[in-house]
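Next comes structure27.pdb, a file with PDB, C-alpha atoms.
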```pdb
ATOM      1  CA  MET A   1    -224.239  -1.363-214.612  1.00  0.00           C
ATOM      2  CA  LYS A   2    -225.726  -0.789-211.215  1.00  0.00           C
ATOM      3  CA  THR A   3    -224.981  -4.347-210.225  1.00  0.00           C
ATOM      4  CA  LEU A   4    -221.427  -4.023-211.393  1.00  0.00           C
ATOM      5  CA  SER A   5    -220.813  -0.882-209.389  1.00  0.00           C
ATOM      6  CA  CYS A   6    -222.250  -2.559-206.354  1.00  0.00           C
ATOM      7  CA  ILE A   7    -219.965  -5.525-206.779  1.00  0.00           C
ATOM      8  CA  LEU A   8    -217.010  -3.177-207.272  1.00  0.00           C
ATOM      9  CA  MET A   9    -217.890  -1.212-204.170  1.00  0.00           C
ATOM     10  CA  ALA A  10    -218.201  -4.393-202.182  1.00  0.00           C
ATOM     11  CA  GLY A  11    -214.852  -5.518-203.502  1.00  0.00           C
ATOM     12  CA  VAL A  12    -213.223  -2.216-202.617  1.00  0.00           C
ATOM     13  CA  MET A  13    -214.780  -2.282-199.156  1.00  0.00           C
ATOM     14  CA  SER A  14    -213.574  -5.784-198.468  1.00  0.00           C
ATOM     15  CA  VAL A  15    -210.045  -4.907-199.616  1.00  0.00           C
ATOM     16  CA  MET A  16    -210.092  -1.741-197.482  1.00  0.00           C
ATOM     17  CA  SER A  17    -211.216  -3.597-194.454  1.00  0.00           C
ATOM     18  CA  GLY A  18    -208.471  -6.122-194.942  1.00  0.00           C
ATOM     19  CA  CYS A  19    -205.827  -3.423-195.116  1.00  0.00           C
ATOM     20  CA  HIS A  20    -205.452  -2.226-191.625  1.00  0.00           C
ATOM     21  CA  THR A  21    -202.591  -1.756-189.319  1.00  0.00           C
ATOM     22  CA  SER A  22    -202.649  -2.804-185.738  1.00  0.00           C
ATOM     23  CA  HIS A  23    -200.400  -1.548-183.020  1.00  0.00           C
ATOM     24  CA  GLU A  24    -200.100  -3.510-179.824  1.00  0.00           C
ATOM     25  CA  VAL A  25    -198.140  -2.169-176.993  1.00  0.00           C
ATOM     26  CA  LYS A  26    -197.430  -4.726-174.370  1.00  0.00           C
ATOM     27  CA  THR A  27    -196.465  -3.493-170.977  1.00  0.00           C
ATOM     28  CA  ASP A  28    -195.560  -5.557-167.993  1.00  0.00           C
ATOM     29  CA  SER A  29    -196.509  -3.267-165.223  1.00  0.00           C
ATOM     30  CA  VAL A  30    -197.210  -4.797-161.855  1.00  0.00           C
ATOM     31  CA  VAL A  31    -199.255  -2.783-159.446  1.00  0.00           C
ATOM     32  CA  GLU A  32    -198.640  -3.967-155.960  1.00  0.00           C
ATOM     33  CA  ILE A  33    -201.582  -3.491-153.654  1.00  0.00           C
ATOM     34  CA  LYS A  34    -200.641  -3.715-150.064  1.00  0.00           C
ATOM     35  CA  PRO A  35    -203.324  -4.869-147.676  1.00  0.00           C
ATOM     36  CA  ILE A  36    -204.911  -1.904-145.979  1.00  0.00           C
ATOM     37  CA  LYS A  37    -205.119  -2.322-142.254  1.00  0.00           C
ATOM     38  CA  ILE A  38    -207.741  -0.114-140.733  1.00  0.00           C
ATOM     39  CA  GLU A  39    -207.366   0.012-137.013  1.00  0.00           C
ATOM     40  CA  PRO A  40    -210.466   0.927-135.001  1.00  0.00           C
ATOM     41  CA  ILE A  41    -208.442   3.582-133.198  1.00  0.00           C
ATOM     42  CA  TYR A  42    -210.959   6.387-133.680  1.00  0.00           C
ATOM     43  CA  ALA A  43    -213.781   4.255-132.355  1.00  0.00           C
ATOM     44  CA  ARG A  44    -211.639   3.360-129.333  1.00  0.00           C
ATOM     45  CA  ILE A  45    -210.784   6.994-128.573  1.00  0.00           C
ATOM     46  CA  ASP A  46    -214.432   7.919-128.947  1.00  0.00           C
ATOM     47  CA  ILE A  47    -215.542   5.298-126.443  1.00  0.00           C
ATOM     48  CA  TYR A  48    -212.762   6.318-124.038  1.00  0.00           C
ATOM     49  CA  ILE A  49    -214.007   9.910-124.173  1.00  0.00           C
ATOM     50  CA  LYS A  50    -217.552   8.778-123.428  1.00  0.00           C
ATOM     51  CA  ILE A  51    -216.440   6.617-120.496  1.00  0.00           C
ATOM     52  CA  ASP A  52    -214.240   9.424-119.113  1.00  0.00           C
ATOM     53  CA  LYS A  53    -217.185  11.818-119.295  1.00  0.00           C
ATOM     54  CA  GLU A  54    -219.407   9.344-117.465  1.00  0.00           C
ATOM     55  CA  LEU A  55    -216.794   8.873-114.747  1.00  0.00           C
ATOM     56  CA  ASP A  56    -216.128  12.605-114.383  1.00  0.00           C
ATOM     57  CA  SER A  57    -219.830  13.292-114.157  1.00  0.00           C
ATOM     58  CA  PHE A  58    -220.346  10.558-111.570  1.00  0.00           C
ATOM     59  CA  PHE A  59    -217.395  11.572-109.389  1.00  0.00           C
ATOM     60  CA  ASP A  60    -218.130  15.308-109.592  1.00  0.00           C
ATOM     61  CA  PHE A  61    -218.432  15.384-105.773  1.00  0.00           C
ATOM     62  CA  GLU A  62    -214.708  14.561-105.522  1.00  0.00           C
ATOM     63  CA  GLU A  63    -213.779  18.007-106.832  1.00  0.00           C
ATOM     64  CA  SER A  64    -213.854  19.386-103.287  1.00  0.00           C
ATOM     65  CA  VAL A  65    -211.123  16.993-102.088  1.00  0.00           C
ATOM     66  CA  LYS A  66    -208.995  17.007-105.225  1.00  0.00           C
ATOM     67  CA  PRO A  67    -205.410  18.110-104.555  1.00  0.00           C
ATOM     68  CA  LYS A  68    -204.834  21.564-105.934  1.00  0.00           C
ATOM     69  CA  PRO A  69    -201.993  21.970-108.401  1.00  0.00           C
ATOM     70  CA  ALA A  70    -198.897  23.445-106.808  1.00  0.00           C
ATOM     71  CA  GLU A  71    -198.872  27.181-107.134  1.00  0.00           C
ATOM     72  CA  PRO A  72    -195.622  28.988-107.832  1.00  0.00           C
ATOM     73  CA  ALA A  73    -194.077  30.341-104.658  1.00  0.00           C
ATOM     74  CA  ALA A  74    -195.008  33.920-104.193  1.00  0.00           C
ATOM     75  CA  THR A  75    -191.987  36.160-104.228  1.00  0.00           C
ATOM     76  CA  GLU A  76    -191.921  38.444-101.297  1.00  0.00           C
ATOM     77  CA  THR A  77    -191.696  42.013-102.317  1.00  0.00           C
ATOM     78  CA  PRO A  78    -190.128  44.311 -99.828  1.00  0.00           C
ATOM     79  CA  ALA A  79    -192.580  46.630 -98.248  1.00  0.00           C
ATOM     80  CA  THR A  80    -192.214  50.088 -99.578  1.00  0.00           C
ATOM     81  CA  GLN A  81    -191.214  52.477 -96.932  1.00  0.00           C
ATOM     82  CA  LYS A  82    -192.641  55.851 -96.853  1.00  0.00           C
ATOM     83  CA  GLU A  83    -190.132  58.574 -96.945  1.00  0.00           C
ATOM     84  CA  GLY A  84    -189.670  60.240 -93.652  1.00  0.00           C
ATOM     85  CA  ALA A  85    -191.354  57.420 -91.750  1.00  0.00           C
TER      86      ALA A  85
ATOM     87  CA  MET B   1    -279.946 -12.896-138.911  1.00  0.00           C
ATOM     88  CA  THR B   2    -276.538 -12.107-137.376  1.00  0.00           C
ATOM     89  CA  SER B   3    -273.897 -10.423-139.460  1.00  0.00           C
ATOM     90  CA  MET B   4    -270.304 -11.626-139.326  1.00  0.00           C
ATOM     91  CA  THR B   5    -267.799  -8.790-138.995  1.00  0.00           C
ATOM     92  CA  ASN B   6    -263.971  -8.755-139.050  1.00  0.00           C
ATOM     93  CA  LYS B   7    -263.695  -6.202-136.234  1.00  0.00           C
ATOM     94  CA  PRO B   8    -261.314  -7.246-133.444  1.00  0.00           C
ATOM     95  CA  SER B   9    -263.135  -8.347-130.387  1.00  0.00           C
ATOM     96  CA  ASN B  10    -262.970  -6.336-127.186  1.00  0.00           C
ATOM     97  CA  VAL B  11    -260.842  -9.048-125.582  1.00  0.00           C
ATOM     98  CA  THR B  12    -258.208  -8.862-128.332  1.00  0.00           C
ATOM     99  CA  ARG B  13    -258.149  -5.074-128.228  1.00  0.00           C
ATOM    100  CA  ARG B  14    -257.802  -5.056-124.445  1.00  0.00           C
ATOM    101  CA  GLY B  15    -254.945  -7.538-124.675  1.00  0.00           C
ATOM    102  CA  PHE B  16    -253.161  -5.347-127.189  1.00  0.00           C
ATOM    103  CA  VAL B  17    -253.580  -2.263-125.014  1.00  0.00           C
ATOM    104  CA  LEU B  18    -252.318  -4.136-121.972  1.00  0.00           C
ATOM    105  CA  ALA B  19    -249.273  -5.429-123.861  1.00  0.00           C
ATOM    106  CA  LEU B  20    -248.534  -1.908-125.114  1.00  0.00           C
ATOM    107  CA  ALA B  21    -248.843  -0.486-121.610  1.00  0.00           C
ATOM    108  CA  ALA B  22    -246.520  -3.182-120.258  1.00  0.00           C
ATOM    109  CA  ALA B  23    -243.921  -2.457-122.942  1.00  0.00           C
ATOM    110  CA  MET B  24    -244.136   1.281-122.269  1.00  0.00           C
ATOM    111  CA  SER B  25    -243.723   0.807-118.541  1.00  0.00           C
ATOM    112  CA  VAL B  26    -240.671  -1.444-119.036  1.00  0.00           C
ATOM    113  CA  LEU B  27    -239.103   1.142-121.345  1.00  0.00           C
ATOM    114  CA  THR B  28    -239.692   3.991-118.920  1.00  0.00           C
ATOM    115  CA  ILE B  29    -238.916   2.169-115.673  1.00  0.00           C
ATOM    116  CA  ALA B  30    -235.551   0.709-116.821  1.00  0.00           C
ATOM    117  CA  PRO B  31    -233.706   4.060-117.185  1.00  0.00           C
ATOM    118  CA  VAL B  32    -235.308   5.367-113.990  1.00  0.00           C
ATOM    119  CA  SER B  33    -234.148   2.348-112.008  1.00  0.00           C
ATOM    120  CA  ARG B  34    -230.662   2.759-113.488  1.00  0.00           C
ATOM    121  CA  ALA B  35    -230.614   6.395-112.398  1.00  0.00           C
ATOM    122  CA  ASP B  36    -231.777   5.368-108.916  1.00  0.00           C
ATOM    123  CA  GLU B  37    -229.000   2.816-108.747  1.00  0.00           C
ATOM    124  CA  MET B  38    -226.458   5.460-109.780  1.00  0.00           C
ATOM    125  CA  ASP B  39    -227.778   7.850-107.123  1.00  0.00           C
ATOM    126  CA  ASP B  40    -227.533   5.183-104.432  1.00  0.00           C
ATOM    127  CA  LEU B  41    -224.004   4.348-105.529  1.00  0.00           C
ATOM    128  CA  LYS B  42    -222.993   7.985-105.520  1.00  0.00           C
ATOM    129  CA  ALA B  43    -224.305   8.396-101.978  1.00  0.00           C
ATOM    130  CA  SER B  44    -222.340   5.343-100.906  1.00  0.00           C
ATOM    131  CA  PHE B  45    -219.118   6.664-102.488  1.00  0.00           C
ATOM    132  CA  LYS B  46    -219.687  10.078-100.935  1.00  0.00           C
ATOM    133  CA  ALA B  47    -220.180   8.641 -97.451  1.00  0.00           C
ATOM    134  CA  ARG B  48    -216.857   6.785 -97.680  1.00  0.00           C
ATOM    135  CA  LEU B  49    -214.850   9.517 -99.379  1.00  0.00           C
ATOM    136  CA  SER B  50    -213.350  11.263 -96.346  1.00  0.00           C
ATOM    137  CA  LYS B  51    -212.223   7.978 -94.741  1.00  0.00           C
ATOM    138  CA  LEU B  52    -210.762   6.731 -97.998  1.00  0.00           C
ATOM    139  CA  LYS B  53    -208.878   9.984 -98.619  1.00  0.00           C
ATOM    140  CA  ALA B  54    -207.504   9.902 -95.072  1.00  0.00           C
ATOM    141  CA  LEU B  55    -206.224   6.362 -95.651  1.00  0.00           C
ATOM    142  CA  GLN B  56    -204.705   7.418 -98.973  1.00  0.00           C
ATOM    143  CA  ASP B  57    -203.095  10.469 -97.383  1.00  0.00           C
ATOM    144  CA  SER B  58    -201.546   8.294 -94.675  1.00  0.00           C
ATOM    145  CA  GLY B  59    -200.201   5.853 -97.277  1.00  0.00           C
ATOM    146  CA  VAL B  60    -202.194   2.846 -96.059  1.00  0.00           C
ATOM    147  CA  VAL B  61    -204.350   2.598 -99.174  1.00  0.00           C
ATOM    148  CA  GLY B  62    -203.442   3.285-102.758  1.00  0.00           C
ATOM    149  CA  GLU B  63    -204.933   3.278-106.238  1.00  0.00           C
ATOM    150  CA  THR B  64    -204.102   0.577-108.767  1.00  0.00           C
ATOM    151  CA  PHE B  65    -203.554   1.146-112.492  1.00  0.00           C
ATOM    152  CA  ASP B  66    -206.602  -1.009-113.297  1.00  0.00           C
ATOM    153  CA  GLY B  67    -209.098   1.060-111.332  1.00  0.00           C
ATOM    154  CA  TRP B  68    -209.222  -0.440-107.861  1.00  0.00           C
ATOM    155  CA  VAL B  69    -208.071   0.494-104.378  1.00  0.00           C
ATOM    156  CA  ALA B  70    -205.764  -1.784-102.431  1.00  0.00           C
ATOM    157  CA  LEU B  71    -203.840  -1.936 -99.183  1.00  0.00           C
ATOM    158  CA  VAL B  72    -200.288  -0.672 -99.610  1.00  0.00           C
ATOM    159  CA  LYS B  73    -199.060  -1.963 -96.289  1.00  0.00           C
ATOM    160  CA  GLY B  74    -200.861  -4.081 -93.747  1.00  0.00           C
ATOM    161  CA  ASP B  75    -204.469  -3.679 -92.734  1.00  0.00           C
ATOM    162  CA  SER B  76    -204.859  -0.988 -90.119  1.00  0.00           C
ATOM    163  CA  ASP B  77    -207.637   1.277 -88.857  1.00  0.00           C
ATOM    164  CA  GLY B  78    -210.261  -0.839 -90.598  1.00  0.00           C
ATOM    165  CA  ALA B  79    -208.699  -0.053 -93.946  1.00  0.00           C
ATOM    166  CA  GLY B  80    -209.476  -3.536 -95.270  1.00  0.00           C
ATOM    167  CA  ALA B  81    -213.205  -3.036 -94.792  1.00  0.00           C
ATOM    168  CA  ILE B  82    -213.096   0.362 -96.517  1.00  0.00           C
ATOM    169  CA  VAL B  83    -211.151  -1.131 -99.429  1.00  0.00           C
ATOM    170  CA  SER B  84    -213.629  -3.997 -99.796  1.00  0.00           C
ATOM    171  CA  ALA B  85    -216.647  -1.688 -99.698  1.00  0.00           C
ATOM    172  CA  GLU B  86    -215.064   0.741-102.160  1.00  0.00           C
ATOM    173  CA  ASN B  87    -214.178  -2.009-104.611  1.00  0.00           C
ATOM    174  CA  ALA B  88    -217.643  -3.573-104.334  1.00  0.00           C
ATOM    175  CA  ASP B  89    -219.223  -0.220-105.257  1.00  0.00           C
ATOM    176  CA  ARG B  90    -216.711   0.313-108.046  1.00  0.00           C
ATOM    177  CA  THR B  91    -217.630  -3.108-109.466  1.00  0.00           C
ATOM    178  CA  LYS B  92    -221.290  -2.040-109.609  1.00  0.00           C
ATOM    179  CA  LEU B  93    -220.426   1.325-111.135  1.00  0.00           C
ATOM    180  CA  TYR B  94    -218.145  -0.171-113.784  1.00  0.00           C
ATOM    181  CA  ASP B  95    -220.848  -2.685-114.723  1.00  0.00           C
ATOM    182  CA  LEU B  96    -223.473   0.045-115.086  1.00  0.00           C
ATOM    183  CA  ILE B  97    -221.272   2.254-117.280  1.00  0.00           C
ATOM    184  CA  ALA B  98    -220.045  -0.754-119.280  1.00  0.00           C
ATOM    185  CA  LYS B  99    -223.627  -1.790-120.065  1.00  0.00           C
ATOM    186  CA  LYS B 100    -224.528   1.734-121.122  1.00  0.00           C
ATOM    187  CA  GLN B 101    -221.466   2.152-123.328  1.00  0.00           C
ATOM    188  CA  GLN B 102    -221.502  -1.467-124.530  1.00  0.00           C
ATOM    189  CA  VAL B 103    -217.942  -2.231-123.510  1.00  0.00           C
ATOM    190  CA  GLY B 104    -216.334  -4.581-121.043  1.00  0.00           C
ATOM    191  CA  ALA B 105    -216.286  -3.568-117.382  1.00  0.00           C
ATOM    192  CA  SER B 106    -212.488  -3.893-117.374  1.00  0.00           C
ATOM    193  CA  VAL B 107    -212.264  -1.087-119.955  1.00  0.00           C
ATOM    194  CA  VAL B 108    -214.244   1.224-117.672  1.00  0.00           C
ATOM    195  CA  ALA B 109    -212.125   0.137-114.706  1.00  0.00           C
ATOM    196  CA  GLU B 110    -208.900   0.930-116.541  1.00  0.00           C
ATOM    197  CA  ARG B 111    -210.196   4.343-117.607  1.00  0.00           C
ATOM    198  CA  ASN B 112    -210.986   5.062-113.962  1.00  0.00           C
ATOM    199  CA  GLY B 113    -207.490   3.903-113.076  1.00  0.00           C
ATOM    200  CA  VAL B 114    -206.058   6.473-115.483  1.00  0.00           C
ATOM    201  CA  ARG B 115    -208.385   9.090-114.018  1.00  0.00           C
ATOM    202  CA  ASN B 116    -207.420   8.261-110.434  1.00  0.00           C
ATOM    203  CA  PHE B 117    -203.701   8.346-111.229  1.00  0.00           C
ATOM    204  CA  GLY B 118    -204.213  11.820-112.678  1.00  0.00           C
ATOM    205  CA  ASN B 119    -206.162  13.061-109.665  1.00  0.00           C
ATOM    206  CA  ALA B 120    -203.872  11.553-107.024  1.00  0.00           C
ATOM    207  CA  ALA B 121    -201.865  13.763-104.709  1.00  0.00           C
ATOM    208  CA  ALA B 122    -198.069  13.667-104.946  1.00  0.00           C
ATOM    209  CA  SER B 123    -197.776  11.652-101.733  1.00  0.00           C
ATOM    210  CA  HIS B 124    -200.387   9.036-102.681  1.00  0.00           C
ATOM    211  CA  TYR B 125    -199.299   5.503-103.468  1.00  0.00           C
ATOM    212  CA  LEU B 126    -200.079   4.105-106.908  1.00  0.00           C
ATOM    213  CA  LYS B 127    -199.704   0.513-108.037  1.00  0.00           C
ATOM    214  CA  THR B 128    -198.261   0.348-111.526  1.00  0.00           C
ATOM    215  CA  LYS B 129    -198.582  -2.405-114.149  1.00  0.00           C
ATOM    216  CA  ASP B 130    -195.410  -4.093-112.954  1.00  0.00           C
ATOM    217  CA  GLY B 131    -197.013  -4.579-109.537  1.00  0.00           C
ATOM    218  CA  THR B 132    -194.926  -2.125-107.568  1.00  0.00           C
ATOM    219  CA  TRP B 133    -196.187   0.636-105.325  1.00  0.00           C
ATOM    220  CA  VAL B 134    -194.731   4.052-105.989  1.00  0.00           C
ATOM    221  CA  GLN B 135    -195.640   7.469-104.739  1.00  0.00           C
ATOM    222  CA  LYS B 136    -196.995   9.693-107.454  1.00  0.00           C
ATOM    223  CA  LYS B 137    -194.107  12.127-107.076  1.00  0.00           C
ATOM    224  CA  ASP B 138    -191.710   9.255-107.952  1.00  0.00           C
ATOM    225  CA  LEU B 139    -193.804   7.926-110.813  1.00  0.00           C
ATOM    226  CA  LYS B 140    -192.054   7.958-114.153  1.00  0.00           C
ATOM    227  CA  SER B 141    -194.559   8.740-116.858  1.00  0.00           C
TER     228      SER B 141
END
```
Exercise: express the given structure as structure tokens:
Amino acid sequence: MKTLSCILMAGVMSVMSGCHTSHEVKTDSVVEIKPIKIEPIYARIDIYIKIDKELDSFFDFEESVKPKPAEPAATETPATQKEGA
Amino acid sequence: MTSMTNKPSNVTRRGFVLALAAAMSVLTIAPVSRADEMDDLKASFKARLSKLKALQDSGVVGETFDGWVALVKGDSDGAGAIVSAENADRTKLYDLIAKKQQVGASVVAERNGVRNFGNAAASHYLKTKDGTWVQKKDLKS
């Protein structure tokens, strides 16, 4: 009896495993990956800053002969006259 | 009976100490000598500054976009000698900074060109990339 039930169970299991549905969804999606171009622009700016600092520090003695930026022309204000003068 | 030991001999130890001292002295002397060289260069630039500015003010000498000075017109008042001396010192300076920053000397020279264009007076002559001399006031940015 035990053997029979085992055989039956095995039979049922095999039938169950055979009865399955499968769903396949096929998609044709193309992901385009453009080549990433990393320019060393930050590194270049960084080195320019360092060089500029070096140059400014070296030529600090030139500050005394540097042309001064043009100042706006001073508007002449009429001298206030004292009353009765 | 003499015992054999694995202790380094005095000669080996002395050699190691000497090598270490030599390495230390090289490491400490190199930056000092560089600083000395920079100081000497600075003194040389300073000594020439007033003459160079006078020549730039009179329009005989101008700055180039790539970091050098050059004669705008003909050689007069010993301007050629000043230009040569200035450019020789600039070559040394650019080399020193380039070595420190690990770039080409031409990069340093061009940065100094940009700097000099910025600092120039309105009447000073500047040589642009197309090879023409223009006064700063007429320079189109």
**Message:** On this structure, the PyMOL selection byres ((chain A) within 8 of (chain B)) would catch which residues? List them as a PyMOL selection string, sorted by chain and number.
**Reply:** chain A and resi 47-48+50-52+54-55+58-59+61-62+66-67
**Prompt:** What does the distance from CA of Ser84 in chain B to CA of Lys53 in chain A come to in Å, to one decimal?
**Reply:**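 CA of Lys53 in chain A lies 25.4 Å from CA of Ser84 in chain B.
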**Request:** For the file shown, report as a PyMOL selection string the outcome of the PyMOL selection byres ((chain B and resi 123) around 12) at residue level.
**Result:** (chain A and resi 67) or (chain B and resi 53-63+117+119-122+124-126+133-139)
**Request:** Have a look at CA of Lys51 in chain B and CA of Ser64 in chain A and let me know their distance in Å, one decimal.
**Result:** 14.3 Å
**Request:** Find the distance between CA of Arg48 in chain B and CA of Asp130 in chain B and write it in Å to one decimal.
**Result:**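 Taking CA of Arg48 in chain B and CA of Asp130 in chain B, their separation equals 28.5 Å.
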Could range 37-46 of chain A be completed with all heavy atoms and written as an mmCIF file, keeping the file's coordinate frame, please?
```
data_model
loop_
_atom_site.group_PDB
_atom_site.id
_atom_site.type_symbol
_atom_site.label_atom_id
_atom_site.label_comp_id
_atom_site.auth_asym_id
_atom_site.auth_seq_id
_atom_site.Cartn_x
_atom_site.Cartn_y
_atom_site.Cartn_z
ATOM 1 N N LYS A 37 -204.727 -1.931 -143.610
ATOM 2 C CA LYS A 37 -205.119 -2.322 -142.254
ATOM 3 C C LYS A 37 -205.769 -1.126 -141.563
ATOM 4 O O LYS A 37 -205.124 -0.124 -141.272
ATOM 5 C CB LYS A 37 -203.872 -2.769 -141.483
ATOM 6 C CG LYS A 37 -204.194 -3.559 -140.239
ATOM 7 C CD LYS A 37 -202.904 -4.011 -139.592
ATOM 8 C CE LYS A 37 -203.183 -4.744 -138.298
ATOM 9 N NZ LYS A 37 -201.924 -5.072 -137.605
ATOM 10 N N ILE A 38 -207.035 -1.210 -141.386
ATOM 11 C CA ILE A 38 -207.741 -0.114 -140.733
ATOM 12 C C ILE A 38 -207.926 -0.471 -139.262
ATOM 13 O O ILE A 38 -208.630 -1.411 -138.920
ATOM 14 C CB ILE A 38 -209.109 0.149 -141.398
ATOM 15 C CG1 ILE A 38 -208.911 0.492 -142.872
ATOM 16 C CG2 ILE A 38 -209.849 1.256 -140.675
ATOM 17 C CD1 ILE A 38 -210.162 0.411 -143.697
ATOM 18 N N GLU A 39 -207.253 0.281 -138.443
ATOM 19 C CA GLU A 39 -207.366 0.012 -137.013
ATOM 20 C C GLU A 39 -208.544 0.803 -136.449
ATOM 21 O O GLU A 39 -208.750 1.959 -136.807
ATOM 22 C CB GLU A 39 -206.079 0.430 -136.315
ATOM 23 C CG GLU A 39 -204.927 -0.426 -136.739
ATOM 24 C CD GLU A 39 -204.047 -0.808 -135.565
ATOM 25 O OE1 GLU A 39 -204.373 -0.459 -134.429
ATOM 26 O OE2 GLU A 39 -203.029 -1.470 -135.810
ATOM 27 N N PRO A 40 -209.300 0.209 -135.560
ATOM 28 C CA PRO A 40 -210.466 0.927 -135.001
ATOM 29 C C PRO A 40 -210.058 1.907 -133.914
ATOM 30 O O PRO A 40 -210.649 1.973 -132.866
ATOM 31 C CB PRO A 40 -211.320 -0.207 -134.448
ATOM 32 C CG PRO A 40 -210.346 -1.261 -134.073
ATOM 33 C CD PRO A 40 -209.185 -1.143 -135.039
ATOM 34 N N ILE A 41 -208.994 2.685 -134.221
ATOM 35 C CA ILE A 41 -208.442 3.582 -133.198
ATOM 36 C C ILE A 41 -209.382 4.732 -132.875
ATOM 37 O O ILE A 41 -209.527 5.119 -131.727
ATOM 38 C CB ILE A 41 -207.041 4.088 -133.605
ATOM 39 C CG1 ILE A 41 -206.370 4.762 -132.404
ATOM 40 C CG2 ILE A 41 -207.080 5.006 -134.811
ATOM 41 C CD1 ILE A 41 -204.882 4.835 -132.484
ATOM 42 N N TYR A 42 -210.068 5.253 -133.911
ATOM 43 C CA TYR A 42 -210.959 6.387 -133.680
ATOM 44 C C TYR A 42 -212.148 5.972 -132.825
ATOM 45 O O TYR A 42 -212.574 6.683 -131.937
ATOM 46 C CB TYR A 42 -211.425 6.989 -135.005
ATOM 47 C CG TYR A 42 -210.285 7.582 -135.786
ATOM 48 C CD1 TYR A 42 -209.833 6.994 -136.957
ATOM 49 C CD2 TYR A 42 -209.638 8.723 -135.321
ATOM 50 C CE1 TYR A 42 -208.765 7.523 -137.650
ATOM 51 C CE2 TYR A 42 -208.574 9.262 -136.011
ATOM 52 C CZ TYR A 42 -208.142 8.664 -137.180
ATOM 53 O OH TYR A 42 -207.085 9.178 -137.863
ATOM 54 N N ALA A 43 -212.649 4.771 -133.129
ATOM 55 C CA ALA A 43 -213.781 4.255 -132.355
ATOM 56 C C ALA A 43 -213.372 4.066 -130.901
ATOM 57 O O ALA A 43 -214.141 4.346 -129.986
ATOM 58 C CB ALA A 43 -214.244 2.935 -132.938
ATOM 59 N N ARG A 44 -212.116 3.605 -130.693
ATOM 60 C CA ARG A 44 -211.639 3.360 -129.333
ATOM 61 C C ARG A 44 -211.522 4.678 -128.559
ATOM 62 O O ARG A 44 -211.934 4.782 -127.420
ATOM 63 C CB ARG A 44 -210.280 2.645 -129.382
ATOM 64 C CG ARG A 44 -210.029 1.811 -128.136
ATOM 65 C CD ARG A 44 -208.653 1.213 -128.136
ATOM 66 N NE ARG A 44 -208.260 0.619 -129.398
ATOM 67 C CZ ARG A 44 -207.004 0.576 -129.835
ATOM 68 N NH1 ARG A 44 -206.033 1.108 -129.122
ATOM 69 N NH2 ARG A 44 -206.713 0.012 -130.972
ATOM 70 N N ILE A 45 -210.944 5.687 -129.222
ATOM 71 C CA ILE A 45 -210.784 6.994 -128.573
ATOM 72 C C ILE A 45 -212.150 7.572 -128.228
ATOM 73 O O ILE A 45 -212.352 8.104 -127.146
ATOM 74 C CB ILE A 45 -209.970 7.954 -129.476
ATOM 75 C CG1 ILE A 45 -208.516 7.492 -129.529
ATOM 76 C CG2 ILE A 45 -210.051 9.386 -128.963
ATOM 77 C CD1 ILE A 45 -207.686 8.158 -130.583
ATOM 78 N N ASP A 46 -213.086 7.401 -129.146
ATOM 79 C CA ASP A 46 -214.432 7.919 -128.947
ATOM 80 C C ASP A 46 -215.081 7.287 -127.715
ATOM 81 O O ASP A 46 -215.666 7.982 -126.888
ATOM 82 C CB ASP A 46 -215.261 7.637 -130.200
ATOM 83 C CG ASP A 46 -216.625 8.280 -130.124
ATOM 84 O OD1 ASP A 46 -216.666 9.469 -129.782
ATOM 85 O OD2 ASP A 46 -217.622 7.610 -130.401
#
```
